[in-house]
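Notes follow the structure.
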Amino acid sequence: MIADSIPTPGAPLPRGGGASVIVLSILLLTIAVVPAQAQEARPTVSSDEPLQRIVFGSCAVQDRPQPIWTPILAEDPDLFIFGGDNIYGDTANMDTLRHEYSRLAAKPGYQKLRQTTPILATWDDHDFGANDMGGWYEQKETSEEIFLDFFDVPEDSPRRQRPGVYGAHRYGPPGKRVQIILLDTRYFRDRFETVELSEEAEERGFGPYAPNRDPDATMLGAAQWEWLRAQLQKPAEVRLIVSSIQVVSPDHGWEIWSQMPLERARLFRMIEETGAGGVLFLSGDVHWGELSRYTGGPYPLYDFTSSALNQEWPQAKNLPNPLRVGDTIYPYPNYGSVTIDWSREDPRIRMRLHDKEGASVLSHTVALSELQPTSE
Ligand SMILES: [Fe+2]
């Protein structure tokens with residue numbers, strides 16, 4: 001429906017053609033020659049110093065150049081978070097999936113990042129399995145193993161003991177703790193409804209999905225929901241909840257939490273019930289960057305979207321979002337940074353979206369005191 005050269009949020013990327021024998025030969029050769037990433041010691045987050053600079057991004061096409069690693073490396077982040085669609089695997093063939101990861105591993109910029117910066121990751125549809133795929137993906141167990149191996153998740157991590165790649169970490173000393181909660185919005189997810197799009201809606205950039213209001217339909221699955229509640233009850237001052245898909249944005253027809261409104265409401269309610277302060281959502285997937293704010297929760301809930309690392313989708317410019325903060329919607333290559341200034345009595349959190357040169361195209365600062373439930 002849209003030119004091949006411009007992948008839409010939902011569309012699989014055009015794949016290279018060519019004689020299958022040659023492709024297979026190259027594939028086998030590459031699998032043989034490019035080993036899994038070497039098992040050298042990985043950089044770790046300091047346990048004494050508070051986290052101050054977190055950079056994140058999503059949607060990185062592995063068969064195109066990724067020049068954006070240069071400004072990301074220049075940020076010298078304390079932590080980099082991959083928010084999903086970290087590669088475009090789009091396959092049920094696990095050798096192909098491994099091969100596509102190896103193409104990311106071969107990017108000099110990514111290699112440098114991996115050598116210098118702690119990396120956390122969750123996945124989205126394209127690295128989980130295939131376009132818009134959910135819990136019905138048949139290869140999800142093997143795909144999970146490949147993902148956890150690629151991102152150096154330790155053998156003894158709880159993430160390896162259960163289905164799904166969700167996980168959480170807390171960093172920093174008491175009073176300045178940052179909790180990173182990585183959700184898995186794919187492994188357990190049920191299907192959304194679909195709609196027949198009018199030509200006008202299509203031109204305006206809307207997607208084909210509609211809300212699934214079935215009370216049994218799940219986004220996270222029962223075990224992950226239970227786990228999330230326990231995480232939100234752990235003490236932390238700032239909590240970055242990484243959801244591959246947008247949490248706050250109202251329905252634009254693509255894969256977002258609004259397509260399961262009961263689950264979205266449950267998420268906001270859980271934050272309220274647990275009394276968890278300091279929540280910010282980080283999201284990706286859509287091929288644009290923006291900041292949204294939901295004011296119906298216990299305090300303003302921000303959803304900071306950064307997508308894509310090396311793709312653009314200019315049509316998105318017309319998409320409305322009444323919950324957008326300011327009027328910036330940036331559908332060109334970008335990454336996000338979250339900087340926490342702990343030196344102030346009321347710490348400040350600055351969210352910035354950066355273009356492919358590193359320049360700021362969106363900036364918004366909140367005081368940590370604004371992200372607290374009001375005591376009654
Ligand atoms: Fe996606």
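Labeling convention for the structure tokens: chains A, B, ... as they appear, residues from 1 per chain, ligands from 1 in order of appearance.
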Quick one: residues within 6 Å of segment 188-193 of chain A, only C-alpha atoms counted, chain neighbours fewer than 5 positions away excluded, as a ChimeraX atom specification? /A:134-135,209-212,217-221
Can I get the residues close to ligand 1 as a list in words, where close means within 8 Å and we count only C-alpha atoms and all ligand atoms?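 Those within range of ligand 1 are Pro9, Gly10, Cys59, Gly84, Asp85, Asp124, Asp125, His126, Asn131, Asp132, Ser244, Ile245, Glu255, Gly284, Asp285 and Val286 of chain A.
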Select from segment 246-286 of chain A everything DSSP, run on the backbone, classes as strand (DSSP E), then give the selection as a count of residues only. 5
Quote the spacing between atom CA of Val165 of chain A and atom CA of Pro71 of chain A in Å to one decimal place. 28.2 Å
If we count only C-alpha atoms and set the cut-off at 12 Å, which residues sit around Lys176 of chain A, ignoring sequence neighbours fewer than 4 positions away in its own chain? Please answer as a PyMOL selection string. chain A and resi 47-52+170-172+235-239+278+340-348+368
Export of the given selection (N, CA and C atoms) as a short mmCIF file (atom, residue, chain, number, x, y, z; two decimals), in the first residue's frame:
data_model
loop_
_atom_site.label_atom_id
_atom_site.label_comp_id
_atom_site.auth_asym_id
_atom_site.auth_seq_id
_atom_site.Cartn_x
_atom_site.Cartn_y
_atom_site.Cartn_z
N SER A 47 27.45 -0.10 40.27
CA SER A 47 26.43 -0.28 41.31
C SER A 47 26.49 0.84 42.35
N ASP A 48 27.57 1.63 42.34
CA ASP A 48 27.69 2.71 43.33
C ASP A 48 27.15 4.04 42.81
N GLU A 49 27.42 4.30 41.54
CA GLU A 49 27.00 5.59 40.97
C GLU A 49 25.57 5.48 40.44
N PRO A 50 24.78 6.54 40.63
CA PRO A 50 23.43 6.49 40.04
C PRO A 50 23.49 6.58 38.52
N LEU A 51 22.54 5.96 37.88
CA LEU A 51 22.45 6.07 36.41
C LEU A 51 22.08 7.51 36.06
N GLN A 52 22.80 8.07 35.12
CA GLN A 52 22.50 9.45 34.74
C GLN A 52 22.09 9.61 33.28
N ARG A 170 17.64 -3.16 38.69
CA ARG A 170 17.69 -1.91 39.44
C ARG A 170 19.14 -1.52 39.64
N TYR A 171 19.41 -0.25 39.41
CA TYR A 171 20.77 0.25 39.50
C TYR A 171 20.83 1.46 40.43
N GLY A 172 21.99 1.65 41.05
CA GLY A 172 22.23 2.86 41.81
C GLY A 172 21.98 2.70 43.30
N PRO A 235 11.35 -1.11 45.78
CA PRO A 235 11.68 0.31 45.90
C PRO A 235 12.61 0.80 44.77
N ALA A 236 12.24 1.92 44.19
CA ALA A 236 13.06 2.59 43.16
C ALA A 236 12.55 4.01 43.03
N GLU A 237 13.43 4.91 42.69
CA GLU A 237 13.01 6.31 42.54
C GLU A 237 12.52 6.59 41.12
N VAL A 238 13.24 6.06 40.13
CA VAL A 238 12.83 6.23 38.73
C VAL A 238 12.62 4.85 38.15
N ARG A 239 11.54 4.69 37.40
CA ARG A 239 11.25 3.39 36.77
C ARG A 239 11.02 3.61 35.28
N GLY A 278 7.58 7.50 39.87
CA GLY A 278 8.72 7.66 38.97
C GLY A 278 8.64 6.89 37.68
N ILE A 340 19.18 12.04 33.88
CA ILE A 340 18.66 12.31 35.21
C ILE A 340 19.68 13.15 35.97
N ASP A 341 19.25 14.31 36.40
CA ASP A 341 20.12 15.18 37.18
C ASP A 341 19.81 14.93 38.66
N TRP A 342 20.66 14.13 39.29
CA TRP A 342 20.44 13.74 40.68
C TRP A 342 20.95 14.80 41.66
N SER A 343 21.63 15.82 41.12
CA SER A 343 22.28 16.77 42.03
C SER A 343 21.26 17.69 42.70
N ARG A 344 20.07 17.76 42.16
CA ARG A 344 19.06 18.65 42.74
C ARG A 344 18.26 17.91 43.80
N GLU A 345 17.73 18.66 44.71
CA GLU A 345 16.92 18.04 45.77
C GLU A 345 15.72 17.32 45.16
N ASP A 346 15.12 17.97 44.17
CA ASP A 346 14.06 17.34 43.40
C ASP A 346 14.66 17.01 42.01
N PRO A 347 15.14 15.79 41.83
CA PRO A 347 15.86 15.48 40.59
C PRO A 347 15.04 15.78 39.33
N ARG A 348 15.75 16.15 38.30
CA ARG A 348 15.11 16.47 37.01
C ARG A 348 15.39 15.34 36.01
N LEU A 368 11.15 14.97 39.26
CA LEU A 368 10.76 13.65 39.78
C LEU A 368 9.52 13.77 40.68
#
Long-range neighbours of segment 360-365 of chain A as a ChimeraX atom specification, 10 Å cut-off, only C-alpha atoms, 5 positions minimum in chain: /A:289-291,304,325-330,334-340,348-355
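One finds atom CA of Gly167 of chain A at 21.9 Å from atom CA of Glu138 of chain A.
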Surrounding residues of Leu309 of chain A excluding itself and chain neighbours under 3 positions, 10 Å, only C-alpha atoms, as a PyMOL selection string: chain A and resi 56-61+66-69+85-86+284+287-288+306+312+332-336+355-356
Just to be explicit: take each residue in the selection above, keep N, CA and C atoms, and write the result as a PDB file, in the first residue's frame.
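Dumped everything to out.pdb:
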ATOM      1  N   PHE A  56      18.291   5.120  24.251  1.00  0.00           N
ATOM      2  CA  PHE A  56      17.535   3.980  23.739  1.00  0.00           C
ATOM      3  C   PHE A  56      17.148   4.207  22.287  1.00  0.00           C
ATOM      4  N   GLY A  57      16.797   3.107  21.623  1.00  0.00           N
ATOM      5  CA  GLY A  57      16.383   3.180  20.231  1.00  0.00           C
ATOM      6  C   GLY A  57      15.754   1.864  19.811  1.00  0.00           C
ATOM      7  N   SER A  58      15.184   1.864  18.632  1.00  0.00           N
ATOM      8  CA  SER A  58      14.494   0.663  18.148  1.00  0.00           C
ATOM      9  C   SER A  58      14.513   0.648  16.626  1.00  0.00           C
ATOM     10  N   CYS A  59      14.091  -0.474  16.072  1.00  0.00           N
ATOM     11  CA  CYS A  59      13.862  -0.589  14.632  1.00  0.00           C
ATOM     12  C   CYS A  59      15.133  -0.317  13.812  1.00  0.00           C
ATOM     13  N   ALA A  60      16.048  -1.259  13.867  1.00  0.00           N
ATOM     14  CA  ALA A  60      17.325  -1.131  13.175  1.00  0.00           C
ATOM     15  C   ALA A  60      17.415  -2.171  12.061  1.00  0.00           C
ATOM     16  N   VAL A  61      17.390  -1.699  10.836  1.00  0.00           N
ATOM     17  CA  VAL A  61      17.482  -2.618   9.696  1.00  0.00           C
ATOM     18  C   VAL A  61      18.941  -3.032   9.533  1.00  0.00           C
ATOM     19  N   GLN A  66      24.115   1.852   9.389  1.00  0.00           N
ATOM     20  CA  GLN A  66      23.585   2.318  10.681  1.00  0.00           C
ATOM     21  C   GLN A  66      24.494   3.422  11.226  1.00  0.00           C
ATOM     22  N   PRO A  67      24.561   4.549  10.498  1.00  0.00           N
ATOM     23  CA  PRO A  67      25.483   5.624  10.921  1.00  0.00           C
ATOM     24  C   PRO A  67      25.108   6.249  12.265  1.00  0.00           C
ATOM     25  N   ILE A  68      23.906   5.986  12.738  1.00  0.00           N
ATOM     26  CA  ILE A  68      23.431   6.622  13.968  1.00  0.00           C
ATOM     27  C   ILE A  68      24.204   6.168  15.211  1.00  0.00           C
ATOM     28  N   TRP A  69      24.964   5.060  15.090  1.00  0.00           N
ATOM     29  CA  TRP A  69      25.766   4.644  16.245  1.00  0.00           C
ATOM     30  C   TRP A  69      26.826   5.691  16.591  1.00  0.00           C
ATOM     31  N   ASP A  85      12.471  -4.716  17.525  1.00  0.00           N
ATOM     32  CA  ASP A  85      12.789  -4.651  16.102  1.00  0.00           C
ATOM     33  C   ASP A  85      14.280  -4.290  15.970  1.00  0.00           C
ATOM     34  N   ASN A  86      15.050  -4.946  16.825  1.00  0.00           N
ATOM     35  CA  ASN A  86      16.488  -4.688  16.880  1.00  0.00           C
ATOM     36  C   ASN A  86      17.177  -5.222  15.632  1.00  0.00           C
ATOM     37  N   GLY A 284       8.809   2.095  21.092  1.00  0.00           N
ATOM     38  CA  GLY A 284       9.400   2.171  19.743  1.00  0.00           C
ATOM     39  C   GLY A 284       8.410   1.721  18.692  1.00  0.00           C
ATOM     40  N   HIS A 287       8.169   3.803  13.830  1.00  0.00           N
ATOM     41  CA  HIS A 287       8.933   4.548  12.820  1.00  0.00           C
ATOM     42  C   HIS A 287       8.694   6.051  12.898  1.00  0.00           C
ATOM     43  N   TRP A 288       8.446   6.523  14.099  1.00  0.00           N
ATOM     44  CA  TRP A 288       8.526   7.960  14.352  1.00  0.00           C
ATOM     45  C   TRP A 288       8.841   8.143  15.840  1.00  0.00           C
ATOM     46  N   SER A 306      10.867   6.368  20.674  1.00  0.00           N
ATOM     47  CA  SER A 306      11.942   6.584  19.710  1.00  0.00           C
ATOM     48  C   SER A 306      11.958   5.435  18.718  1.00  0.00           C
ATOM     49  N   GLU A 312      12.907   5.793   7.867  1.00  0.00           N
ATOM     50  CA  GLU A 312      12.049   6.967   7.976  1.00  0.00           C
ATOM     51  C   GLU A 312      10.684   6.641   7.392  1.00  0.00           C
ATOM     52  N   TYR A 332      11.880  10.508  11.103  1.00  0.00           N
ATOM     53  CA  TYR A 332      13.179  10.263  10.471  1.00  0.00           C
ATOM     54  C   TYR A 332      14.085   9.561  11.484  1.00  0.00           C
ATOM     55  N   PRO A 333      15.236   9.040  11.047  1.00  0.00           N
ATOM     56  CA  PRO A 333      16.067   8.280  11.985  1.00  0.00           C
ATOM     57  C   PRO A 333      16.344   9.058  13.277  1.00  0.00           C
ATOM     58  N   ASN A 334      16.196   8.354  14.388  1.00  0.00           N
ATOM     59  CA  ASN A 334      16.337   9.035  15.681  1.00  0.00           C
ATOM     60  C   ASN A 334      16.686   8.044  16.781  1.00  0.00           C
ATOM     61  N   TYR A 335      17.154   8.617  17.891  1.00  0.00           N
ATOM     62  CA  TYR A 335      17.295   7.847  19.128  1.00  0.00           C
ATOM     63  C   TYR A 335      16.856   8.739  20.283  1.00  0.00           C
ATOM     64  N   GLY A 336      16.621   8.135  21.416  1.00  0.00           N
ATOM     65  CA  GLY A 336      16.152   8.902  22.572  1.00  0.00           C
ATOM     66  C   GLY A 336      17.182   8.880  23.690  1.00  0.00           C
ATOM     67  N   ASP A 355      18.216  13.552  16.348  1.00  0.00           N
ATOM     68  CA  ASP A 355      18.239  13.129  14.946  1.00  0.00           C
ATOM     69  C   ASP A 355      19.519  12.323  14.662  1.00  0.00           C
ATOM     70  N   LYS A 356      19.724  11.965  13.403  1.00  0.00           N
ATOM     71  CA  LYS A 356      20.828  11.044  13.085  1.00  0.00           C
ATOM     72  C   LYS A 356      22.204  11.663  13.285  1.00  0.00           C
TER      73      LYS A 356
END
Among A:Pro373, A:Thr142, A:Gln224, A:Tyr294, Thr274 of chain A is approached most closely, using only C-alpha atoms, by A:Pro373
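The spacing separating atom CA of Lys107 of chain A from atom CA of Arg53 of chain A amounts to 23.1 Å.
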